[in-house]
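Dumped protein-v3.cif below, it's mmCIF, C-alpha atoms:
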data_query
loop_
_atom_site.label_atom_id
_atom_site.label_comp_id
_atom_site.auth_asym_id
_atom_site.auth_seq_id
_atom_site.Cartn_x
_atom_site.Cartn_y
_atom_site.Cartn_z
CA MET A 19 -27.88 -63.86 30.70
CA GLY A 20 -24.41 -65.04 31.68
CA ILE A 21 -23.85 -63.18 34.93
CA ASP A 22 -26.00 -62.36 37.98
CA ARG A 23 -25.51 -59.58 40.50
CA ARG A 24 -23.70 -61.72 43.08
CA LYS A 25 -21.12 -62.97 40.53
CA PHE A 26 -20.57 -59.47 39.18
CA LEU A 27 -19.84 -58.05 42.65
CA THR A 28 -17.44 -60.91 43.45
CA LEU A 29 -15.53 -60.37 40.19
CA ALA A 30 -15.37 -56.61 40.65
CA GLY A 31 -14.04 -57.03 44.19
CA LEU A 32 -11.39 -59.54 43.10
CA THR A 33 -10.25 -57.28 40.24
CA THR A 34 -9.83 -54.30 42.55
CA PHE A 35 -7.90 -56.44 45.01
CA ALA A 36 -5.58 -57.75 42.27
CA ALA A 37 -4.94 -54.26 40.93
CA LEU A 38 -4.09 -52.95 44.40
CA GLY A 39 -1.76 -55.88 45.01
CA LYS A 40 0.08 -55.23 41.77
CA LYS A 41 0.50 -51.57 42.59
CA VAL A 42 2.03 -52.33 45.96
CA MET A 43 4.43 -54.91 44.49
CA GLY A 44 5.33 -52.64 41.59
CA SER A 45 6.24 -49.68 43.78
CA SER A 46 8.56 -51.77 45.91
CA ILE A 47 10.44 -52.90 42.80
CA GLU A 48 10.75 -49.30 41.60
CA GLY A 49 12.03 -48.32 45.02
CA GLN A 50 14.92 -50.74 44.61
CA ALA A 51 15.84 -49.31 41.22
CA ASP A 52 15.91 -45.79 42.67
CA SER A 53 18.70 -46.68 45.04
CA LEU A 54 20.95 -47.88 42.19
CA PRO A 55 22.74 -44.65 41.11
CA GLY A 56 24.17 -44.12 44.59
CA SER A 57 25.64 -47.57 44.79
CA PRO A 58 29.41 -47.85 44.43
CA THR A 59 29.26 -49.86 41.19
CA VAL A 60 28.16 -46.76 39.29
CA LYS A 61 30.73 -44.17 38.31
CA ARG A 62 30.24 -40.60 39.50
CA TRP A 63 32.60 -38.07 37.98
CA ALA A 64 33.67 -35.18 40.21
CA MET A 65 36.43 -32.59 40.35
CA ALA A 66 38.55 -31.08 43.08
CA ILE A 67 40.31 -27.75 42.61
CA ASP A 68 43.42 -27.07 44.67
CA MET A 69 43.08 -23.35 45.38
CA GLN A 70 46.50 -23.22 47.08
CA LYS A 71 48.24 -24.33 43.91
CA CYS A 72 45.99 -22.34 41.59
CA ARG A 73 46.35 -18.99 43.32
CA GLN A 74 50.14 -19.05 43.01
CA HIS A 75 49.66 -18.23 39.34
CA GLU A 76 47.17 -15.44 39.30
CA GLY A 77 47.62 -14.67 35.62
CA CYS A 78 47.49 -18.29 34.42
CA ARG A 79 44.58 -19.02 32.08
CA GLU A 80 45.83 -22.29 30.57
CA CYS A 81 42.69 -24.27 31.40
CA THR A 82 40.37 -21.63 29.94
CA ILE A 83 42.46 -21.24 26.81
CA VAL A 84 42.71 -24.95 26.00
CA CYS A 85 39.05 -25.67 26.86
CA HIS A 86 37.68 -22.81 24.81
CA LYS A 87 39.99 -23.70 21.95
CA ILE A 88 39.11 -27.39 21.61
CA HIS A 89 35.39 -26.82 22.16
CA ASN A 90 35.13 -23.98 19.64
CA VAL A 91 33.94 -21.47 22.23
CA PRO A 92 33.44 -18.12 20.50
CA ASP A 93 34.84 -14.81 21.74
CA PHE A 94 32.31 -12.06 21.06
CA GLY A 95 34.68 -9.53 22.58
CA ASN A 96 32.06 -8.15 24.92
CA PRO A 97 31.29 -9.33 28.45
CA LYS A 98 27.52 -9.14 27.97
CA ASP A 99 27.54 -11.84 25.28
CA GLU A 100 30.46 -13.80 26.75
CA ILE A 101 30.39 -17.60 26.42
CA LYS A 102 32.12 -19.32 29.31
CA TRP A 103 32.88 -22.96 30.07
CA ILE A 104 35.66 -22.56 32.64
CA TRP A 105 36.87 -19.19 33.85
CA LYS A 106 38.26 -17.23 36.80
CA GLU A 107 35.96 -15.45 39.22
CA ASP A 108 36.57 -13.27 42.29
CA PHE A 109 36.42 -15.18 45.57
CA GLU A 110 33.48 -13.20 46.91
CA ALA A 111 31.51 -13.78 43.72
CA ALA A 112 32.23 -17.51 43.70
CA PHE A 113 31.67 -18.00 47.45
CA PRO A 114 29.31 -15.23 48.59
CA THR A 115 28.33 -17.12 51.73
CA GLN A 116 31.96 -17.79 52.77
CA ASP A 117 33.12 -14.21 52.43
CA HIS A 118 33.94 -12.06 55.47
CA ALA A 119 36.25 -9.17 56.25
CA TYR A 120 39.02 -11.11 58.03
CA LEU A 121 39.76 -13.92 55.60
CA PRO A 122 43.43 -14.42 54.69
CA THR A 123 44.22 -11.96 51.90
CA GLU A 124 45.70 -14.63 49.62
CA LEU A 125 42.39 -16.47 49.75
CA LYS A 126 40.17 -13.42 49.46
CA GLU A 127 42.00 -11.51 46.79
CA LYS A 128 43.02 -14.20 44.35
CA PRO A 129 40.60 -15.35 41.64
CA VAL A 130 39.03 -18.81 41.71
CA ILE A 131 38.54 -21.25 38.83
CA VAL A 132 34.83 -21.89 38.28
CA LEU A 133 32.93 -24.15 35.90
CA CYS A 134 29.72 -26.17 35.76
CA ASN A 135 29.37 -27.98 39.09
CA HIS A 136 27.64 -31.01 37.57
CA CYS A 137 25.26 -30.98 40.51
CA ASP A 138 23.70 -34.12 41.87
CA ASN A 139 20.41 -32.24 42.03
CA PRO A 140 20.72 -29.92 39.04
CA PRO A 141 18.11 -27.13 38.89
CA CYS A 142 18.84 -26.55 35.19
CA VAL A 143 17.67 -30.08 34.42
CA ARG A 144 14.53 -29.63 36.45
CA VAL A 145 13.44 -26.53 34.55
CA CYS A 146 14.38 -27.60 31.01
CA PRO A 147 11.10 -28.02 29.12
CA THR A 148 12.55 -30.14 26.27
CA LYS A 149 14.86 -32.40 28.27
CA SER A 150 17.73 -31.11 26.20
CA THR A 151 19.79 -30.98 29.37
CA TRP A 152 19.80 -33.97 31.65
CA LYS A 153 21.94 -35.79 34.19
CA ARG A 154 23.73 -38.84 32.87
CA GLU A 155 24.17 -41.97 34.95
CA ASP A 156 27.78 -41.02 35.64
CA GLY A 157 26.61 -37.68 37.06
CA ILE A 158 27.59 -35.44 34.14
CA VAL A 159 24.99 -32.78 33.39
CA MET A 160 24.91 -33.09 29.63
CA MET A 161 23.52 -30.89 26.86
CA ASP A 162 21.81 -31.99 23.66
CA MET A 163 22.16 -29.01 21.34
CA HIS A 164 19.82 -30.67 18.83
CA ARG A 165 16.93 -30.29 21.23
CA CYS A 166 17.67 -26.92 22.81
CA ILE A 167 15.03 -24.35 21.92
CA GLY A 168 16.87 -21.45 23.53
CA CYS A 169 14.28 -20.66 26.20
CA ARG A 170 17.08 -19.95 28.74
CA TYR A 171 15.14 -21.37 31.70
CA CYS A 172 18.32 -23.28 32.60
CA ILE A 173 20.30 -20.04 32.73
CA ALA A 174 17.73 -18.67 35.15
CA GLY A 175 17.78 -21.93 37.12
CA CYS A 176 21.56 -22.27 37.49
CA PRO A 177 22.76 -20.51 40.66
CA TYR A 178 26.40 -20.56 39.48
CA GLY A 179 26.16 -18.70 36.17
CA SER A 180 27.64 -21.73 34.46
CA ARG A 181 25.50 -21.46 31.35
CA SER A 182 25.89 -19.07 28.45
CA PHE A 183 23.57 -18.25 25.59
CA ASN A 184 24.48 -17.76 21.95
CA TRP A 185 22.76 -14.51 21.07
CA ARG A 186 24.39 -14.52 17.65
CA ASP A 187 25.82 -17.08 15.26
CA PRO A 188 29.07 -17.99 17.02
CA ARG A 189 30.91 -19.25 13.91
CA PRO A 190 32.44 -15.93 12.79
CA PHE A 191 33.72 -15.30 16.32
CA ILE A 192 35.78 -18.46 16.64
CA LYS A 193 39.39 -17.69 15.87
CA GLU A 194 40.42 -21.14 14.82
CA ILE A 195 37.78 -23.86 14.42
CA ASN A 196 38.72 -27.28 15.75
CA PRO A 197 37.20 -29.60 13.12
CA GLU A 198 37.04 -32.49 15.60
CA TYR A 199 34.34 -30.77 17.67
CA PRO A 200 31.13 -29.10 16.50
CA THR A 201 30.41 -25.43 17.01
CA ARG A 202 27.05 -24.19 18.24
CA SER A 203 24.35 -22.33 16.38
CA LYS A 204 22.55 -19.14 17.24
CA GLY A 205 19.94 -19.58 19.97
CA VAL A 206 21.32 -22.46 22.05
CA VAL A 207 22.74 -22.59 25.57
CA GLU A 208 26.14 -24.13 26.23
CA LYS A 209 28.37 -25.01 29.16
CA CYS A 210 31.11 -27.32 30.38
CA THR A 211 30.47 -31.02 29.75
CA PHE A 212 33.38 -32.43 31.83
CA CYS A 213 34.75 -33.34 28.35
CA VAL A 214 32.41 -36.30 27.80
CA ASP A 215 33.96 -36.81 24.38
CA ARG A 216 37.43 -37.15 25.88
CA LEU A 217 36.21 -39.37 28.75
CA ALA A 218 34.72 -41.70 26.13
CA LEU A 219 38.21 -42.12 24.69
CA GLY A 220 39.67 -42.72 28.16
CA GLN A 221 41.30 -39.27 28.43
CA PRO A 222 40.88 -36.85 31.35
CA PRO A 223 39.18 -33.49 30.77
CA ALA A 224 41.37 -31.07 28.83
CA CYS A 225 41.67 -28.55 31.70
CA VAL A 226 42.87 -31.28 34.07
CA GLU A 227 45.47 -32.44 31.56
CA ILE A 228 46.84 -28.99 30.71
CA CYS A 229 47.06 -27.49 34.23
CA PRO A 230 50.79 -26.82 34.78
CA GLU A 231 50.39 -27.06 38.58
CA LYS A 232 48.16 -30.15 38.43
CA ALA A 233 45.73 -28.17 40.56
CA LEU A 234 42.68 -29.88 39.08
CA ILE A 235 41.97 -33.41 40.28
CA PHE A 236 39.34 -35.39 38.41
CA GLY A 237 37.96 -38.83 39.10
CA ASP A 238 35.24 -41.20 40.17
CA ILE A 239 33.99 -40.13 43.57
CA ASN A 240 32.14 -43.43 44.08
CA THR A 241 35.41 -45.37 44.18
CA PRO A 242 36.67 -45.22 47.79
CA ASP A 243 40.41 -45.30 46.95
CA SER A 244 40.33 -42.94 43.96
CA GLU A 245 42.70 -39.95 43.89
CA ILE A 246 39.88 -37.48 44.42
CA ARG A 247 38.51 -39.38 47.42
CA GLU A 248 41.98 -39.59 48.97
CA ILE A 249 42.58 -35.85 48.64
CA LEU A 250 39.11 -34.99 49.98
CA LYS A 251 39.87 -37.19 53.00
CA THR A 252 43.07 -35.34 53.85
CA ARG A 253 42.35 -31.73 52.84
CA HIS A 254 39.62 -29.35 53.94
CA SER A 255 37.23 -28.65 51.07
CA ILE A 256 34.36 -26.27 50.41
CA ARG A 257 31.71 -26.12 47.70
CA ARG A 258 29.91 -23.25 46.03
CA LYS A 259 26.56 -22.32 47.63
CA PRO A 260 25.94 -25.78 49.14
CA SER A 261 22.98 -24.45 51.14
CA LEU A 262 20.90 -24.31 47.95
CA GLY A 263 20.68 -28.10 47.97
CA THR A 264 22.07 -28.61 44.48
CA ASN A 265 24.82 -30.88 45.81
CA PRO A 266 27.59 -29.53 43.54
CA GLN A 267 30.32 -31.97 42.56
CA VAL A 268 33.21 -29.55 42.18
CA TYR A 269 35.14 -29.38 45.43
CA TYR A 270 37.51 -26.56 46.37
CA LEU A 271 40.52 -27.41 48.49
CA VAL A 272 41.14 -24.32 50.60
CA MET B 11 -26.52 -28.27 -17.09
CA TYR B 12 -25.74 -26.08 -20.09
CA ASP B 13 -22.77 -26.65 -22.39
CA ILE B 14 -21.76 -29.87 -20.71
CA ALA B 15 -19.74 -31.05 -23.72
CA LYS B 16 -17.69 -27.86 -23.79
CA ILE B 17 -17.00 -28.01 -20.04
CA ILE B 18 -15.86 -31.64 -20.17
CA LEU B 19 -13.65 -30.89 -23.17
CA GLY B 20 -12.17 -27.90 -21.34
CA ILE B 21 -11.36 -30.01 -18.28
CA ILE B 22 -9.72 -32.67 -20.44
CA ILE B 23 -7.58 -30.09 -22.25
CA PHE B 24 -6.59 -28.49 -18.94
CA LEU B 25 -5.58 -31.84 -17.42
CA ALA B 26 -3.59 -32.75 -20.51
CA ILE B 27 -1.61 -29.51 -20.37
CA ALA B 28 -1.12 -29.59 -16.61
CA THR B 29 0.21 -33.14 -16.60
CA SER B 30 2.16 -32.85 -19.85
CA PRO B 31 5.61 -32.82 -18.17
CA PHE B 32 4.89 -36.23 -16.65
CA TRP B 33 3.77 -37.63 -20.01
CA PHE B 34 6.80 -36.13 -21.69
CA ASN B 35 9.16 -37.81 -19.24
CA GLN B 36 7.22 -41.05 -19.55
CA ALA B 37 7.50 -40.96 -23.35
CA THR B 38 11.17 -39.99 -23.60
CA GLY B 39 12.19 -42.17 -20.66
CA GLN B 40 14.36 -39.47 -19.10
CA ALA B 41 13.91 -36.43 -16.93
CA GLU B 42 14.98 -33.00 -18.10
CA TYR B 43 17.52 -32.75 -15.26
CA MET B 44 18.93 -35.29 -12.88
CA PRO B 45 21.40 -34.53 -10.12
CA ASP B 46 24.69 -36.34 -10.55
CA PRO B 47 26.30 -36.52 -7.11
CA VAL B 48 29.96 -37.37 -7.13
CA ILE B 49 30.31 -40.34 -4.84
CA TYR B 50 33.90 -39.82 -3.97
CA SER B 51 35.47 -41.97 -1.31
CA LYS B 52 38.92 -41.35 0.00
CA ASN B 53 41.08 -44.42 0.29
CA ILE B 54 41.69 -44.76 3.97
CA PRO B 55 43.51 -47.95 4.93
CA GLY B 56 41.24 -50.21 6.95
CA GLN B 57 38.14 -48.34 5.80
CA GLU B 58 37.64 -49.65 2.30
CA ALA B 59 33.89 -50.13 2.67
CA CYS B 60 31.17 -47.89 4.02
CA VAL B 61 29.76 -48.47 7.50
CA MET B 62 26.64 -49.94 5.88
CA PRO B 63 25.92 -51.39 2.41
CA VAL B 64 25.55 -48.80 -0.35
CA ASP B 65 21.87 -49.55 -0.99
CA PHE B 66 21.05 -49.01 2.65
CA MET B 67 22.98 -45.75 2.77
CA ARG B 68 21.21 -44.49 -0.35
CA SER B 69 17.76 -45.07 1.07
CA SER B 70 18.26 -44.69 4.82
CA HIS B 71 21.35 -42.58 5.57
CA MET B 72 19.13 -40.08 7.39
CA ASP B 73 17.82 -42.78 9.72
CA LEU B 74 21.35 -43.96 10.43
CA LEU B 75 22.49 -40.42 11.18
CA ASN B 76 19.53 -39.85 13.48
CA GLU B 77 20.28 -43.09 15.29
CA TRP B 78 23.95 -42.18 15.65
CA ARG B 79 23.03 -38.79 17.04
CA GLN B 80 20.68 -40.37 19.58
CA THR B 81 23.16 -43.04 20.64
CA VAL B 82 26.14 -40.72 20.99
CA VAL B 83 24.51 -37.72 22.64
CA ARG B 84 21.77 -39.29 24.74
CA GLU B 85 23.20 -42.73 25.50
CA GLY B 86 26.89 -41.87 25.47
CA ASN B 87 27.88 -44.81 23.28
CA ARG B 88 30.28 -43.75 20.55
CA ILE B 89 31.23 -47.01 18.87
CA PHE B 90 29.26 -48.39 15.93
CA ILE B 91 29.66 -52.01 14.90
CA SER B 92 28.96 -52.50 11.20
CA PRO B 93 27.27 -55.65 9.85
CA ASP B 94 30.70 -57.04 8.89
CA GLY B 95 31.85 -56.66 12.49
CA LYS B 96 34.10 -53.61 12.11
CA GLU B 97 34.14 -50.86 14.72
CA TYR B 98 33.63 -47.25 13.75
CA ARG B 99 33.50 -44.05 15.75
CA MET B 100 30.01 -42.57 15.36
CA SER B 101 30.75 -39.09 14.10
CA LEU B 102 29.48 -37.11 11.13
CA THR B 103 32.54 -34.92 10.74
CA ASN B 104 35.17 -37.34 11.96
CA THR B 105 33.92 -40.53 10.31
CA CYS B 106 31.55 -39.87 7.39
CA MET B 107 33.24 -36.74 6.14
CA THR B 108 36.79 -38.05 6.34
CA CYS B 109 35.86 -40.54 3.63
CA HIS B 110 33.49 -38.22 1.76
CA PRO B 111 34.95 -34.75 2.18
CA ASN B 112 33.21 -33.24 -0.85
CA LYS B 113 30.03 -31.98 0.79
CA SER B 114 28.93 -29.77 -2.12
CA GLU B 115 29.03 -32.70 -4.56
CA PHE B 116 28.16 -35.48 -2.16
CA CYS B 117 25.37 -34.02 -0.02
CA ASP B 118 24.22 -30.78 -1.58
CA LYS B 119 23.69 -32.00 -5.16
CA CYS B 120 20.72 -34.19 -4.27
CA HIS B 121 19.55 -32.31 -1.22
CA ASN B 122 19.24 -29.09 -3.19
CA PHE B 123 17.56 -30.84 -6.13
CA MET B 124 14.99 -32.47 -3.86
CA ALA B 125 14.65 -29.26 -1.83
CA VAL B 126 15.53 -31.19 1.32
CA THR B 127 17.57 -28.39 2.79
CA GLU B 128 15.90 -28.69 6.16
CA PRO B 129 18.52 -30.69 8.07
CA ASP B 130 20.73 -27.95 9.50
CA CYS B 131 23.65 -30.27 10.34
CA TRP B 132 26.25 -27.82 9.09
CA ASN B 133 25.20 -24.90 11.26
CA CYS B 134 27.15 -26.64 14.00
CA HIS B 135 29.02 -29.63 12.61
CA VAL B 136 32.16 -28.61 10.84
CA GLN B 137 32.32 -29.44 7.16
CA PRO B 138 35.74 -30.34 5.87
CA LYS B 139 37.57 -27.90 3.64
CA GLU B 140 36.99 -29.00 0.08
CA ALA B 141 40.29 -29.71 -1.58
CA LEU B 142 40.12 -33.06 -3.29
#
Output the structure of this file as structure tokens.
Amino acid sequence: MGIDRRKFLTLAGLTTFAALGKKVMGSSIEGQADSLPGSPTVKRWAMAIDMQKCRQHEGCRECTIVCHKIHNVPDFGNPKDEIKWIWKEDFEAAFPTQDHAYLPTELKEKPVIVLCNHCDNPPCVRVCPTKSTWKREDGIVMMDMHRCIGCRYCIAGCPYGSRSFNWRDPRPFIKEINPEYPTRSKGVVEKCTFCVDRLALGQPPACVEICPEKALIFGDINTPDSEIREILKTRHSIRRKPSLGTNPQVYYLV
Amino acid sequence: MYDIAKIILGIIIFLAIATSPFWFNQATGQAEYMPDPVIYSKNIPGQEACVMPVDFMRSSHMDLLNEWRQTVVREGNRIFISPDGKEYRMSLTNTCMTCHPNKSEFCDKCHNFMAVTEPDCWNCHVQPKEAL
């Protein structure tokens, strides 16, 4: 007999105490790590859209055309199956909470460029059961087509309609395939990725580069003197449905 | 047990017939059909060698491709440093297939023979047009 009751109780008490202590210490360390992404050393990509410049060219679709071309976005020729990465939407559809009868007509009646908002608190990521969509450290809400099972929870979760589903094999509906970029297969969801592939090569997103009016401003919103921070300081900006708490990172300069 | 000798004999004859193709190959030293993939490599200046040694690629190309996929898509790192210190862009279409554009000879020959047609890479990734 190696152990009596008194020793056993002492040991059990000490073990519990040690375990509790470790838990308390551990949680404080985790708490520090949680605050990291907000710190200014981490990049956070964001976009500002100058609506004043954009609405001067109502018929311009340069950003949509170049984006859909380089990313092999199919055209099914029917709005029900439409795949959209960046497109134009009516003001009242894009900003339902901002709409009222006496807005300036040039604001109310001209279409607005919309795309994935790369939310800080993305509902699509929260509902994805396979983690095939997730938020990267630099804030981009990314897709992993290899893991997507096509459940479309993310489409239901996204309040901006930024996600589209491939109901059919998109290959035959792509006019000219860009061999540099993959297509998608039937049964996956797709959306704007802020051109992660171009950012990796040090290039801005394609829509930002092509815009003839330079109405799209893209940059790191964590850097205090970046172009996007400067313009947000001087111009009044709104965001789409901010009351939902998604913290969208596409800003509209009214 | 009745007729035990006949049953045993029957089993032996059955096994001999069922396994005869293996014995035949063993005796002649060659299989009836072997795939002969055409390992064609384009001469691209600065890319004379493969990203990994040939033996490794033969046995473990699928592991490498899986790792590349994981690193590029999930971790956002697109540069691969080969054992000899060279940098490559991790991309199936833009790196592997620029050197080996003949998918039907290079990939499909063995994959079809071994009935490993499960990886559906080419549903999405663009295969180069085959004009050697």
**Request:** May I ask you to extract the residues of chain B within 8 Å of chain A, using only C-alpha atoms, and to give them as a PyMOL selection string?
**Result:** chain B and resi 83-84+86+88+103-104+133-138
Limited to C-alpha atoms, could you put the picked residues into a file as a short mmCIF file (atom, residue, chain, number, x, y, z; two decimals), in the frame of the given file?
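Result written to out00.cif:
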data_model
loop_
_atom_site.label_atom_id
_atom_site.label_comp_id
_atom_site.auth_asym_id
_atom_site.auth_seq_id
_atom_site.Cartn_x
_atom_site.Cartn_y
_atom_site.Cartn_z
CA VAL B 83 24.51 -37.72 22.64
CA ARG B 84 21.77 -39.29 24.74
CA GLY B 86 26.89 -41.87 25.47
CA ARG B 88 30.28 -43.75 20.55
CA THR B 103 32.54 -34.92 10.74
CA ASN B 104 35.17 -37.34 11.96
CA ASN B 133 25.20 -24.90 11.26
CA CYS B 134 27.15 -26.64 14.00
CA HIS B 135 29.02 -29.63 12.61
CA VAL B 136 32.16 -28.61 10.84
CA GLN B 137 32.32 -29.44 7.16
CA PRO B 138 35.74 -30.34 5.87
#
Counting all atoms listed in the file, find the residues whose atoms lie at most 7 Å from (31.9, -28.9, 32.1) (file coordinates) and write them out as a PDB file with C-alpha atoms, keeping the file's coordinate frame.
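The file below, point.pdb, is the result:
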ATOM      1  CA  TRP A 103      32.880 -22.960  30.070  1.00  0.00           C
ATOM      2  CA  LEU A 133      32.930 -24.150  35.900  1.00  0.00           C
ATOM      3  CA  CYS A 134      29.720 -26.170  35.760  1.00  0.00           C
ATOM      4  CA  LYS A 209      28.370 -25.010  29.160  1.00  0.00           C
ATOM      5  CA  CYS A 210      31.110 -27.320  30.380  1.00  0.00           C
ATOM      6  CA  THR A 211      30.470 -31.020  29.750  1.00  0.00           C
ATOM      7  CA  PHE A 212      33.380 -32.430  31.830  1.00  0.00           C
ATOM      8  CA  CYS A 213      34.750 -33.340  28.350  1.00  0.00           C
TER       9      CYS A 213
END
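Among the candidates A:Gly220, A:Phe109, A:His89, A:Glu194, the one nearest to Gly237 of chain A when counting only C-alpha atoms is A:Gly220.
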**Complete:** From the list B:Tyr43, B:Phe123, B:Tyr98, B:Phe116, the nearest residue to Met62 of chain B using all atoms listed in the file is B:Tyr98
**Message:** What's the separation between atom CA of Pro92 of chain A and atom CA of Asn184 of chain A, in Å to one decimal place?
**Reply:** 9.1 Å
**Asked** If you measure from atom CA of Pro45 of chain B to atom CA of His121 of chain B, what distance in Å do you get, rounded to one decimal?
**Response**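 Separating atom CA of Pro45 of chain B from atom CA of His121 of chain B is a distance of 9.4 Å.
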**Request:** Would you mind telling me which residue in B:Glu85, B:Ile18, B:Leu102, B:Ser30 lies nearest to Lys153 of chain A when using only C-alpha atoms?
**Result:**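 Ranking B:Glu85, B:Ile18, B:Leu102, B:Ser30 by distance to Lys153 of chain A, first place goes to B:Glu85.
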**Request:** Name the residues within 12 Å of (42.3, -25.3, 42.5), counting only C-alpha atoms in the file's coordinates, and put them as a count of residues only.
**Result:** 41
**Request:** Could you tell me how far atom CA of Val145 of chain A lies from atom CA of Ala174 of chain A, in Å and to one decimal?
**Result:**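 Atom CA of Ala174 of chain A lies at a distance of 9.0 Å from atom CA of Val145 of chain A.
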Near Glu208 of chain A, counting only C-alpha atoms, which residues have an atom at most 7 Å away, once you skip same-chain residues fewer than 5 positions from it, shown as a tab-separated table (two decimals) with C-alpha atoms, keeping the file's coordinate frame?
chain	number	residue	atom	x	y	z
A	181	ARG	CA	25.50	-21.46	31.35
A	182	SER	CA	25.89	-19.07	28.45
A	183	PHE	CA	23.57	-18.25	25.59
**Request:** Write out as a PyMOL selection string which residues come within 9 Å of Pro141 of chain A when counting only C-alpha atoms, dropping same-chain ones fewer than 4 positions away.
**Result:** chain A and resi 137+145-146+172+175-177+264
Quick check on the file I pasted: which residues fall under the PyMOL selection byres ((chain B and resi 111) around 9)? Write them as a PDB file with C-alpha atoms, in the coordinates of the input.
ATOM      1  CA  TYR B  50      33.900 -39.820  -3.970  1.00  0.00           C
ATOM      2  CA  SER B  51      35.470 -41.970  -1.310  1.00  0.00           C
ATOM      3  CA  LYS B  52      38.920 -41.350   0.000  1.00  0.00           C
ATOM      4  CA  THR B 103      32.540 -34.920  10.740  1.00  0.00           C
ATOM      5  CA  CYS B 106      31.550 -39.870   7.390  1.00  0.00           C
ATOM      6  CA  MET B 107      33.240 -36.740   6.140  1.00  0.00           C
ATOM      7  CA  THR B 108      36.790 -38.050   6.340  1.00  0.00           C
ATOM      8  CA  CYS B 109      35.860 -40.540   3.630  1.00  0.00           C
ATOM      9  CA  HIS B 110      33.490 -38.220   1.760  1.00  0.00           C
ATOM     10  CA  ASN B 112      33.210 -33.240  -0.850  1.00  0.00           C
ATOM     11  CA  LYS B 113      30.030 -31.980   0.790  1.00  0.00           C
ATOM     12  CA  SER B 114      28.930 -29.770  -2.120  1.00  0.00           C
ATOM     13  CA  PHE B 116      28.160 -35.480  -2.160  1.00  0.00           C
ATOM     14  CA  GLN B 137      32.320 -29.440   7.160  1.00  0.00           C
ATOM     15  CA  PRO B 138      35.740 -30.340   5.870  1.00  0.00           C
ATOM     16  CA  LYS B 139      37.570 -27.900   3.640  1.00  0.00           C
ATOM     17  CA  GLU B 140      36.990 -29.000   0.080  1.00  0.00           C
ATOM     18  CA  ALA B 141      40.290 -29.710  -1.580  1.00  0.00           C
ATOM     19  CA  LEU B 142      40.120 -33.060  -3.290  1.00  0.00           C
TER      20      LEU B 142
END
